[in-house]
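Chemist: If you scroll down you'll find the structure; I have some questions about it.
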Amino acid sequence: MTEKVSTAMTLAPLLEASPAIQMHAFAAMTAFALGIVQLSAPKGTIPHRTIGWIWVLLMLAVSISAFWIHNIRLWGPWSPIHLLAIFTLIMVPIAMLNARRHRVAHHRWAMISIFFGALVIAGLFTLVPGRIMHAVVFAQ
């Protein structure tokens with residue numbers, strides 16, 4: 001007899017997680033969506049700047065909330081994801097400073113690096129079996 005595998009997503013595993021994980025995940029998902037908008041929309045406009053500030057606040061929430069998540073422990077309570085949080089906390093102000101100084105190429109490089117490193121690559125690792133987002137996406 002074969003076992004039926006569910007293909008529907010469920011938020012139940014995320015909603016049952018700690019508040020830090022919920023905040024981290026919802027801020028990251030929102031930042032990912034806004035990041036796609038930012039990457040595809042015209043640059044230097046008022047909407048770009050407004051959405052950019054929202055994105056920055058979301059990324060700060062993602063990074064700071066990571067310090068209350070200790071599901072993977074490689075060095076005491078810490079893991080490589082915490083190094084990524086530190087990277088993000090350093091790079092976001094640098095990216096903003098570059099924008100304020102009209103160093104567009106440096107700003108672009110920093111923001112794209114944060115987007116792909118902290119959201120895309122880290123996001124793919126959340127889909128590994130046994131992780132909460134794997135259970136959300138694959139309804140397990």
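Chain lettering (A, B, ...) mirrors the order of the structure tokens, residue numbering begins at 1 for each chain separately, and ligand numbering begins at 1 in order of display.
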Taking the DSSP secondary structure from the backbone, can you list the residues of range 13-106 of chain A that are helix (DSSP H, G or I), as a JSON list (two decimals) with N, CA and C atoms, in the first residue's frame?
Modeler:
[["chain", "number", "residue", "atom", "x", "y", "z"],
["A", 13, "PRO", "N", 2.96, 24.37, 11.37],
["A", 13, "PRO", "CA", 4.26, 24.23, 12.06],
["A", 13, "PRO", "C", 4.87, 25.59, 12.43],
["A", 14, "LEU", "N", 4.69, 26.58, 11.59],
["A", 14, "LEU", "CA", 5.23, 27.90, 11.88],
["A", 14, "LEU", "C", 4.45, 28.59, 12.99],
["A", 15, "LEU", "N", 3.14, 28.45, 12.97],
["A", 15, "LEU", "CA", 2.30, 29.08, 13.99],
["A", 15, "LEU", "C", 2.47, 28.41, 15.35],
["A", 19, "PRO", "N", 7.76, 32.54, 19.33],
["A", 19, "PRO", "CA", 7.55, 33.88, 18.76],
["A", 19, "PRO", "C", 8.77, 34.38, 17.97],
["A", 20, "ALA", "N", 9.98, 34.06, 18.42],
["A", 20, "ALA", "CA", 11.18, 34.51, 17.71],
["A", 20, "ALA", "C", 11.23, 33.89, 16.31],
["A", 21, "ILE", "N", 10.90, 32.61, 16.20],
["A", 21, "ILE", "CA", 10.91, 31.94, 14.90],
["A", 21, "ILE", "C", 9.82, 32.51, 14.01],
["A", 22, "GLN", "N", 8.64, 32.75, 14.58],
["A", 22, "GLN", "CA", 7.56, 33.33, 13.79],
["A", 22, "GLN", "C", 7.94, 34.71, 13.26],
["A", 23, "MET", "N", 8.47, 35.56, 14.13],
["A", 23, "MET", "CA", 8.87, 36.90, 13.71],
["A", 23, "MET", "C", 9.95, 36.81, 12.63],
["A", 24, "HIS", "N", 10.93, 35.96, 12.86],
["A", 24, "HIS", "CA", 12.03, 35.76, 11.93],
["A", 24, "HIS", "C", 11.50, 35.33, 10.56],
["A", 25, "ALA", "N", 10.65, 34.33, 10.54],
["A", 25, "ALA", "CA", 10.15, 33.77, 9.28],
["A", 25, "ALA", "C", 9.25, 34.76, 8.54],
["A", 26, "PHE", "N", 8.31, 35.38, 9.24],
["A", 26, "PHE", "CA", 7.40, 36.30, 8.56],
["A", 26, "PHE", "C", 8.14, 37.55, 8.08],
["A", 27, "ALA", "N", 9.10, 38.03, 8.85],
["A", 27, "ALA", "CA", 9.90, 39.18, 8.40],
["A", 27, "ALA", "C", 10.73, 38.79, 7.18],
["A", 28, "ALA", "N", 11.31, 37.59, 7.19],
["A", 28, "ALA", "CA", 12.12, 37.13, 6.05],
["A", 28, "ALA", "C", 11.26, 36.94, 4.80],
["A", 29, "MET", "N", 10.09, 36.36, 4.95],
["A", 29, "MET", "CA", 9.22, 36.16, 3.77],
["A", 29, "MET", "C", 8.76, 37.50, 3.19],
["A", 30, "THR", "N", 8.44, 38.44, 4.05],
["A", 30, "THR", "CA", 8.03, 39.77, 3.59],
["A", 30, "THR", "C", 9.21, 40.48, 2.93],
["A", 31, "ALA", "N", 10.39, 40.39, 3.54],
["A", 31, "ALA", "CA", 11.59, 41.01, 2.96],
["A", 31, "ALA", "C", 11.92, 40.38, 1.61],
["A", 32, "PHE", "N", 11.72, 39.09, 1.48],
["A", 32, "PHE", "CA", 11.98, 38.42, 0.20],
["A", 32, "PHE", "C", 11.05, 38.98, -0.88],
["A", 33, "ALA", "N", 9.76, 39.08, -0.57],
["A", 33, "ALA", "CA", 8.80, 39.61, -1.55],
["A", 33, "ALA", "C", 9.13, 41.06, -1.91],
["A", 34, "LEU", "N", 9.39, 41.90, -0.91],
["A", 34, "LEU", "CA", 9.74, 43.29, -1.18],
["A", 34, "LEU", "C", 11.07, 43.40, -1.92],
["A", 35, "GLY", "N", 11.99, 42.49, -1.63],
["A", 35, "GLY", "CA", 13.28, 42.49, -2.32],
["A", 35, "GLY", "C", 13.12, 42.24, -3.81],
["A", 36, "ILE", "N", 12.23, 41.34, -4.16],
["A", 36, "ILE", "CA", 11.96, 41.08, -5.58],
["A", 36, "ILE", "C", 11.40, 42.34, -6.23],
["A", 37, "VAL", "N", 10.49, 43.02, -5.54],
["A", 37, "VAL", "CA", 9.94, 44.29, -6.05],
["A", 37, "VAL", "C", 11.08, 45.29, -6.24],
["A", 38, "GLN", "N", 11.94, 45.42, -5.24],
["A", 38, "GLN", "CA", 13.03, 46.39, -5.30],
["A", 38, "GLN", "C", 13.99, 46.09, -6.46],
["A", 39, "LEU", "N", 14.29, 44.83, -6.66],
["A", 39, "LEU", "CA", 15.23, 44.47, -7.72],
["A", 39, "LEU", "C", 14.65, 44.70, -9.11],
["A", 40, "SER", "N", 13.34, 44.63, -9.24],
["A", 40, "SER", "CA", 12.73, 44.76, -10.57],
["A", 40, "SER", "C", 12.16, 46.15, -10.86],
["A", 46, "ILE", "N", 10.86, 57.68, -5.24],
["A", 46, "ILE", "CA", 10.30, 57.73, -3.88],
["A", 46, "ILE", "C", 9.78, 56.35, -3.45],
["A", 47, "PRO", "N", 9.05, 55.62, -4.33],
["A", 47, "PRO", "CA", 8.63, 54.27, -3.92],
["A", 47, "PRO", "C", 9.84, 53.36, -3.62],
["A", 48, "HIS", "N", 10.90, 53.47, -4.41],
["A", 48, "HIS", "CA", 12.09, 52.65, -4.16],
["A", 48, "HIS", "C", 12.67, 52.97, -2.78],
["A", 49, "ARG", "N", 12.75, 54.23, -2.46],
["A", 49, "ARG", "CA", 13.30, 54.62, -1.16],
["A", 49, "ARG", "C", 12.39, 54.20, -0.02],
["A", 50, "THR", "N", 11.09, 54.36, -0.20],
["A", 50, "THR", "CA", 10.13, 53.99, 0.85],
["A", 50, "THR", "C", 10.15, 52.49, 1.10],
["A", 51, "ILE", "N", 10.05, 51.72, 0.03],
["A", 51, "ILE", "CA", 10.08, 50.26, 0.17],
["A", 51, "ILE", "C", 11.45, 49.83, 0.70],
["A", 52, "GLY", "N", 12.49, 50.54, 0.28],
["A", 52, "GLY", "CA", 13.84, 50.23, 0.76],
["A", 52, "GLY", "C", 13.96, 50.37, 2.26],
["A", 53, "TRP", "N", 13.40, 51.43, 2.82],
["A", 53, "TRP", "CA", 13.44, 51.61, 4.28],
["A", 53, "TRP", "C", 12.66, 50.51, 5.00],
["A", 54, "ILE", "N", 11.52, 50.13, 4.42],
["A", 54, "ILE", "CA", 10.74, 49.03, 5.01],
["A", 54, "ILE", "C", 11.56, 47.74, 4.95],
["A", 55, "TRP", "N", 12.22, 47.52, 3.81],
["A", 55, "TRP", "CA", 13.05, 46.32, 3.64],
["A", 55, "TRP", "C", 14.19, 46.29, 4.66],
["A", 56, "VAL", "N", 14.82, 47.43, 4.86],
["A", 56, "VAL", "CA", 15.91, 47.53, 5.83],
["A", 56, "VAL", "C", 15.40, 47.17, 7.23],
["A", 57, "LEU", "N", 14.27, 47.71, 7.62],
["A", 57, "LEU", "CA", 13.71, 47.39, 8.95],
["A", 57, "LEU", "C", 13.38, 45.90, 9.06],
["A", 58, "LEU", "N", 12.85, 45.33, 7.99],
["A", 58, "LEU", "CA", 12.56, 43.89, 7.99],
["A", 58, "LEU", "C", 13.83, 43.07, 8.13],
["A", 59, "MET", "N", 14.89, 43.47, 7.41],
["A", 59, "MET", "CA", 16.15, 42.73, 7.49],
["A", 59, "MET", "C", 16.78, 42.85, 8.87],
["A", 60, "LEU", "N", 16.62, 44.00, 9.50],
["A", 60, "LEU", "CA", 17.11, 44.15, 10.87],
["A", 60, "LEU", "C", 16.32, 43.23, 11.80],
["A", 61, "ALA", "N", 15.00, 43.13, 11.59],
["A", 61, "ALA", "CA", 14.17, 42.23, 12.40],
["A", 61, "ALA", "C", 14.58, 40.77, 12.16],
["A", 62, "VAL", "N", 14.85, 40.41, 10.91],
["A", 62, "VAL", "CA", 15.29, 39.05, 10.59],
["A", 62, "VAL", "C", 16.60, 38.75, 11.32],
["A", 63, "SER", "N", 17.54, 39.66, 11.21],
["A", 63, "SER", "CA", 18.88, 39.44, 11.79],
["A", 63, "SER", "C", 18.84, 39.40, 13.30],
["A", 64, "ILE", "N", 18.16, 40.34, 13.91],
["A", 64, "ILE", "CA", 18.12, 40.41, 15.37],
["A", 64, "ILE", "C", 17.36, 39.22, 15.95],
["A", 65, "SER", "N", 16.25, 38.86, 15.33],
["A", 65, "SER", "CA", 15.48, 37.71, 15.84],
["A", 65, "SER", "C", 16.27, 36.41, 15.74],
["A", 66, "ALA", "N", 17.22, 36.32, 14.82],
["A", 66, "ALA", "CA", 18.03, 35.11, 14.67],
["A", 66, "ALA", "C", 18.80, 34.78, 15.95],
["A", 80, "PRO", "N", 26.13, 28.71, 11.92],
["A", 80, "PRO", "CA", 26.50, 29.59, 10.82],
["A", 80, "PRO", "C", 25.44, 30.66, 10.51],
["A", 81, "ILE", "N", 24.19, 30.37, 10.81],
["A", 81, "ILE", "CA", 23.14, 31.35, 10.54],
["A", 81, "ILE", "C", 23.36, 32.61, 11.37],
["A", 82, "HIS", "N", 23.95, 32.46, 12.55],
["A", 82, "HIS", "CA", 24.24, 33.63, 13.38],
["A", 82, "HIS", "C", 25.35, 34.48, 12.77],
["A", 83, "LEU", "N", 26.29, 33.84, 12.09],
["A", 83, "LEU", "CA", 27.32, 34.59, 11.36],
["A", 83, "LEU", "C", 26.68, 35.40, 10.24],
["A", 84, "LEU", "N", 25.69, 34.80, 9.59],
["A", 84, "LEU", "CA", 24.97, 35.51, 8.53],
["A", 84, "LEU", "C", 24.19, 36.69, 9.11],
["A", 85, "ALA", "N", 23.65, 36.53, 10.29],
["A", 85, "ALA", "CA", 22.94, 37.65, 10.94],
["A", 85, "ALA", "C", 23.91, 38.79, 11.24],
["A", 86, "ILE", "N", 25.11, 38.46, 11.70],
["A", 86, "ILE", "CA", 26.12, 39.49, 11.96],
["A", 86, "ILE", "C", 26.52, 40.17, 10.66],
["A", 87, "PHE", "N", 26.73, 39.37, 9.60],
["A", 87, "PHE", "CA", 27.05, 39.92, 8.27],
["A", 87, "PHE", "C", 25.98, 40.92, 7.84],
["A", 88, "THR", "N", 24.73, 40.55, 8.01],
["A", 88, "THR", "CA", 23.62, 41.42, 7.61],
["A", 88, "THR", "C", 23.59, 42.69, 8.44],
["A", 89, "LEU", "N", 23.80, 42.56, 9.74],
["A", 89, "LEU", "CA", 23.79, 43.74, 10.62],
["A", 89, "LEU", "C", 24.94, 44.71, 10.29],
["A", 90, "ILE", "N", 26.01, 44.19, 9.74],
["A", 90, "ILE", "CA", 27.12, 45.05, 9.31],
["A", 90, "ILE", "C", 26.85, 45.63, 7.93],
["A", 91, "MET", "N", 26.35, 44.80, 7.02],
["A", 91, "MET", "CA", 26.19, 45.23, 5.62],
["A", 91, "MET", "C", 25.04, 46.21, 5.40],
["A", 92, "VAL", "N", 23.96, 46.08, 6.16],
["A", 92, "VAL", "CA", 22.82, 46.98, 5.96],
["A", 92, "VAL", "C", 23.22, 48.44, 6.19],
["A", 93, "PRO", "N", 23.87, 48.79, 7.30],
["A", 93, "PRO", "CA", 24.28, 50.20, 7.45],
["A", 93, "PRO", "C", 25.28, 50.64, 6.38],
["A", 94, "ILE", "N", 26.18, 49.74, 5.96],
["A", 94, "ILE", "CA", 27.12, 50.09, 4.91],
["A", 94, "ILE", "C", 26.37, 50.38, 3.61],
["A", 95, "ALA", "N", 25.40, 49.55, 3.29],
["A", 95, "ALA", "CA", 24.60, 49.75, 2.07],
["A", 95, "ALA", "C", 23.84, 51.08, 2.13],
["A", 96, "MET", "N", 23.29, 51.38, 3.30],
["A", 96, "MET", "CA", 22.54, 52.63, 3.44],
["A", 96, "MET", "C", 23.48, 53.84, 3.35],
["A", 97, "LEU", "N", 24.64, 53.73, 3.93],
["A", 97, "LEU", "CA", 25.62, 54.80, 3.84],
["A", 97, "LEU", "C", 26.05, 55.03, 2.39],
["A", 98, "ASN", "N", 26.23, 53.96, 1.66],
["A", 98, "ASN", "CA", 26.56, 54.08, 0.24],
["A", 98, "ASN", "C", 25.45, 54.77, -0.54],
["A", 99, "ALA", "N", 24.21, 54.48, -0.22],
["A", 99, "ALA", "CA", 23.09, 55.16, -0.89],
["A", 99, "ALA", "C", 23.10, 56.64, -0.56],
["A", 100, "ARG", "N", 23.29, 56.96, 0.70],
["A", 100, "ARG", "CA", 23.31, 58.38, 1.12],
["A", 100, "ARG", "C", 24.44, 59.15, 0.46],
["A", 104, "VAL", "N", 26.18, 54.49, -5.93],
["A", 104, "VAL", "CA", 25.12, 53.59, -6.40],
["A", 104, "VAL", "C", 25.64, 52.16, -6.63],
["A", 105, "ALA", "N", 26.78, 52.01, -7.27],
["A", 105, "ALA", "CA", 27.30, 50.67, -7.55],
["A", 105, "ALA", "C", 27.58, 49.91, -6.26],
["A", 106, "HIS", "N", 28.15, 50.58, -5.26],
["A", 106, "HIS", "CA", 28.44, 49.94, -3.97],
["A", 106, "HIS", "C", 27.13, 49.61, -3.24]]
Chemist: Identify, on the basis of only C-alpha atoms, every residue whose closest approach to Ala12 in chain A does not exceed 10 Å; exclude the query and any residue fewer than 3 positions from it along the same chain; express the result as a PyMOL selection string.
Modeler: chain A and resi 9+15-17+132+135-136+139-140
Chemist: Pull all heavy atoms from the residues just selected and write them as a short mmCIF file (atom, residue, chain, number, x, y, z; two decimals), in the first residue's frame.
Modeler:
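Just written: selection_29.cif:
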data_model
loop_
_atom_site.label_atom_id
_atom_site.label_comp_id
_atom_site.auth_asym_id
_atom_site.auth_seq_id
_atom_site.Cartn_x
_atom_site.Cartn_y
_atom_site.Cartn_z
N MET A 9 0.36 23.35 1.27
CA MET A 9 1.15 24.01 2.32
C MET A 9 0.30 24.15 3.57
O MET A 9 -0.92 24.19 3.49
CB MET A 9 1.55 25.42 1.86
CG MET A 9 2.70 25.45 0.92
SD MET A 9 3.20 27.11 0.44
CE MET A 9 3.42 27.92 1.99
N LEU A 15 3.14 28.45 12.97
CA LEU A 15 2.30 29.08 13.99
C LEU A 15 2.47 28.41 15.35
O LEU A 15 2.16 29.02 16.38
CB LEU A 15 0.84 29.07 13.55
CG LEU A 15 0.54 29.87 12.28
CD1 LEU A 15 -0.90 29.71 11.87
CD2 LEU A 15 0.91 31.34 12.46
N GLU A 16 2.98 27.18 15.37
CA GLU A 16 3.24 26.48 16.63
C GLU A 16 4.66 26.74 17.14
O GLU A 16 4.99 26.34 18.24
CB GLU A 16 3.01 24.98 16.44
CG GLU A 16 1.57 24.63 16.15
CD GLU A 16 1.38 23.21 15.64
OE1 GLU A 16 2.40 22.46 15.51
OE2 GLU A 16 0.24 22.83 15.36
N ALA A 17 5.48 27.41 16.34
CA ALA A 17 6.87 27.69 16.71
C ALA A 17 6.94 28.85 17.71
O ALA A 17 5.94 29.54 17.95
CB ALA A 17 7.67 28.02 15.46
N ILE A 132 11.49 23.76 10.15
CA ILE A 132 10.10 24.19 10.22
C ILE A 132 9.56 24.57 8.84
O ILE A 132 8.45 24.19 8.47
CB ILE A 132 9.92 25.34 11.22
CG1 ILE A 132 10.14 24.83 12.64
CG2 ILE A 132 8.55 26.01 11.09
CD1 ILE A 132 10.21 25.90 13.70
N ALA A 135 8.51 21.72 6.78
CA ALA A 135 7.20 21.22 7.18
C ALA A 135 6.08 22.13 6.67
O ALA A 135 5.01 21.64 6.30
CB ALA A 135 7.14 21.08 8.70
N VAL A 136 6.32 23.43 6.61
CA VAL A 136 5.32 24.37 6.11
C VAL A 136 5.10 24.15 4.61
O VAL A 136 3.97 23.99 4.16
CB VAL A 136 5.76 25.84 6.38
CG1 VAL A 136 4.90 26.82 5.61
CG2 VAL A 136 5.71 26.14 7.87
N ALA A 139 4.06 20.44 3.84
CA ALA A 139 2.94 19.97 4.69
C ALA A 139 3.26 18.68 5.42
O ALA A 139 2.52 17.72 5.36
CB ALA A 139 1.66 19.85 3.87
N GLN A 140 4.39 18.69 6.11
CA GLN A 140 4.77 17.46 6.86
C GLN A 140 4.84 17.75 8.34
O GLN A 140 5.15 18.74 8.82
CB GLN A 140 6.11 16.95 6.36
CG GLN A 140 6.00 16.50 4.94
CD GLN A 140 7.32 15.96 4.43
OE1 GLN A 140 8.36 16.13 5.03
NE2 GLN A 140 7.27 15.32 3.29
#
Chemist: If you count only C-alpha atoms, which residues fall within 12 Å of Leu124 in chain A, apart from same-chain ones fewer than 6 positions away, as a PyMOL selection string?
Modeler: chain A and resi 116-118+131+133-134+137
Chemist: Between CA of Ile112 in chain A and CA of Pro42 in chain A, what is the spacing in Å?
Modeler: 14.9 Å
